[in-house]
Amino acid sequence: MDKAPRGLQASVHKVLSELTAKVLALGDKRLEVRVVGAAYHHSVWAYFPIWPRWTRVAQELAASGITFNPIVAAHAMLDTHAVRICGNASAGRQADIYERIRIVRELLPRIETRILLVFGASGFEKEWSVHFQNLLRHHLGHVLLFLRDPKAWNDCDAACKEWEQSARRPRVIQKLAAAAKA
């Protein structure tokens with residue numbers, strides 16, 4: 001994070017400061033955070049679960065000189081988005097698995113890593129900071145829920161509820177306070 005743009009650092013600090021002290025599970029060894037460049041299409045994304053066998057195989061491939069092919073990955077990523085848009089749930093789950101495997105092969109996380117939280121740092125601009133902070137809250141909700149209970153249903157609604165329970169002031173109260181000031 002030290003090499004990340006200041007705006008990104010400030011946004012991450014602001015969002016993390018909203019968490020209660022008891023939620024410092026973010027120091028869990030199962031969580032790995034990476035700041036990456038422009039090759040990633042999301043400004044923040046939580047990839048989970050990441051299985052140890054994927055990491056071992058990716059590290060073995062890298063050690064033997066077999067490298068990641070970004071052209072093939074770009075086509076796979078487009079296929080993944082097409083499947084999600086079409087709404088085929090089974091194919092969508094399979095596409096998500098391929099996406100996680102692609103990320104593991106490219107970023108080579110630690111063996112202990114089960115969640116890889118990726119920040120896209122390129123082109124971070126001030127007008128994107130509010131959007132980035134909202135995305136970070138959402139993905140941290142997914143992360144916190146997975147760390148608390150890896151077998152829990154971790155859809156977007158559950159992630160939002162987890163964030164609200166983990167924050168000092170629930171977002172509803174924050175919205176009311178902001179409306180009262182206006």
# chains A, B, ... in the order shown; residues from 1 in each chain; ligands from 1
call {"tool": "closest_atom_pairs", "arguments": {"of": "region 72-157 of chain A", "to": "region 50-55 of chain A", "cutoff": "8 Å", "atoms": "only C-alpha atoms", "output": "tab-separated table"}}
result
residue	atom	partner	partner_atom	distance
A:Arg100	CA	A:Ile50	CA	7.0
A:Ile101	CA	A:Trp54	CA	6.7
A:Val104	CA	A:Thr55	CA	6.2
A:Arg105	CA	A:Thr55	CA	7.3
A:Leu108	CA	A:Thr55	CA	6.3
A:Pro109	CA	A:Thr55	CA	6.6
A:Arg110	CA	A:Thr55	CA	7.2
A:Ile111	CA	A:Pro52	CA	5.5
A:Glu112	CA	A:Pro52	CA	7.0
A:Thr113	CA	A:Ile50	CA	6.7
A:Arg114	CA	A:Ile50	CA	4.5
A:Ile115	CA	A:Ile50	CA	6.1
A:Leu116	CA	A:Ile50	CA	7.6
call {"tool": "residues_around", "arguments": {"residues": "region 161-165 of chain A", "least_positions_apart": "2", "cutoff": "10 Å", "atoms": "only C-alpha atoms", "output": "list in words"}}
result
Glu18, Leu19, Thr20, Val23, Arg137, His138, His139, Leu140, Gly141, His142, Val143, Leu144, Leu145, Phe146, Arg148, Asn154, Cys156, Asp157, Ala158, Ala159, Ala167, Arg168, Arg169, Pro170, Arg171 and Val172 of chain A
call {"tool": "closest_residue", "arguments": {"among": "A:Ser17, A:Gln133, A:Gln94, A:Ser166", "to": "Phe119 (chain A)", "atoms": "only C-alpha atoms"}}
result
A:Gln133
call {"tool": "atom_distance", "arguments": {"atom1": "CA of Val35 (chain A)", "atom2": "CA of Ala82 (chain A)"}}
result
26.3 Å
call {"tool": "residues_around", "arguments": {"residues": "Ser11 (chain A)", "least_positions_apart": "2", "cutoff": "9 Å", "atoms": "only C-alpha atoms", "output": "list in words"}}
result
Arg6, Gly7, Leu8, Gln9, His13, Lys14, Val15, Leu16, Ser129, Val130, Phe132, Gln133 and Leu136 of chain A
call {"tool": "write_last_selection", "arguments": {"atoms": "N, CA and C atoms", "output": "mmCIF file, in the first residue's frame"}}
result
data_model
loop_
_atom_site.group_PDB
_atom_site.id
_atom_site.type_symbol
_atom_site.label_atom_id
_atom_site.label_comp_id
_atom_site.auth_asym_id
_atom_site.auth_seq_id
_atom_site.Cartn_x
_atom_site.Cartn_y
_atom_site.Cartn_z
ATOM 1 N N ARG A 6 -1.914 8.233 -3.280
ATOM 2 C CA ARG A 6 -2.380 8.773 -1.993
ATOM 3 C C ARG A 6 -3.905 8.724 -1.868
ATOM 4 N N GLY A 7 -4.597 8.976 -2.965
ATOM 5 C CA GLY A 7 -6.059 8.944 -2.937
ATOM 6 C C GLY A 7 -6.575 7.559 -2.570
ATOM 7 N N LEU A 8 -5.934 6.537 -3.109
ATOM 8 C CA LEU A 8 -6.321 5.165 -2.790
ATOM 9 C C LEU A 8 -6.035 4.870 -1.325
ATOM 10 N N GLN A 9 -4.871 5.290 -0.850
ATOM 11 C CA GLN A 9 -4.517 5.073 0.556
ATOM 12 C C GLN A 9 -5.523 5.765 1.484
ATOM 13 N N HIS A 13 -8.029 3.922 4.115
ATOM 14 C CA HIS A 13 -7.953 4.302 5.536
ATOM 15 C C HIS A 13 -9.325 4.754 6.047
ATOM 16 N N LYS A 14 -10.026 5.557 5.245
ATOM 17 C CA LYS A 14 -11.343 6.050 5.662
ATOM 18 C C LYS A 14 -12.313 4.895 5.870
ATOM 19 N N VAL A 15 -12.354 3.949 4.939
ATOM 20 C CA VAL A 15 -13.283 2.816 5.040
ATOM 21 C C VAL A 15 -12.910 1.920 6.219
ATOM 22 N N LEU A 16 -11.623 1.642 6.391
ATOM 23 C CA LEU A 16 -11.214 0.778 7.506
ATOM 24 C C LEU A 16 -11.485 1.433 8.859
ATOM 25 N N SER A 129 -13.156 8.354 -5.833
ATOM 26 C CA SER A 129 -12.915 7.894 -4.465
ATOM 27 C C SER A 129 -14.191 7.456 -3.753
ATOM 28 N N VAL A 130 -15.297 8.159 -3.924
ATOM 29 C CA VAL A 130 -16.548 7.775 -3.265
ATOM 30 C C VAL A 130 -17.026 6.436 -3.823
ATOM 31 N N PHE A 132 -15.146 4.134 -5.231
ATOM 32 C CA PHE A 132 -14.197 3.137 -4.750
ATOM 33 C C PHE A 132 -14.500 2.760 -3.299
ATOM 34 N N GLN A 133 -14.781 3.745 -2.459
ATOM 35 C CA GLN A 133 -15.078 3.471 -1.052
ATOM 36 C C GLN A 133 -16.326 2.609 -0.904
ATOM 37 N N LEU A 136 -15.372 -0.846 -1.918
ATOM 38 C CA LEU A 136 -14.532 -1.444 -0.876
ATOM 39 C C LEU A 136 -15.385 -1.907 0.299
#
call {"tool": "atom_distance", "arguments": {"atom1": "CA of Val33 (chain A)", "atom2": "CA of Arg102 (chain A)"}}
result
16.4 Å
call {"tool": "closest_residue", "arguments": {"among": "A:Ser43, A:Ala4, A:Lys29, A:Arg56", "to": "Leu135 (chain A)", "atoms": "only C-alpha atoms"}}
result
A:Ser43
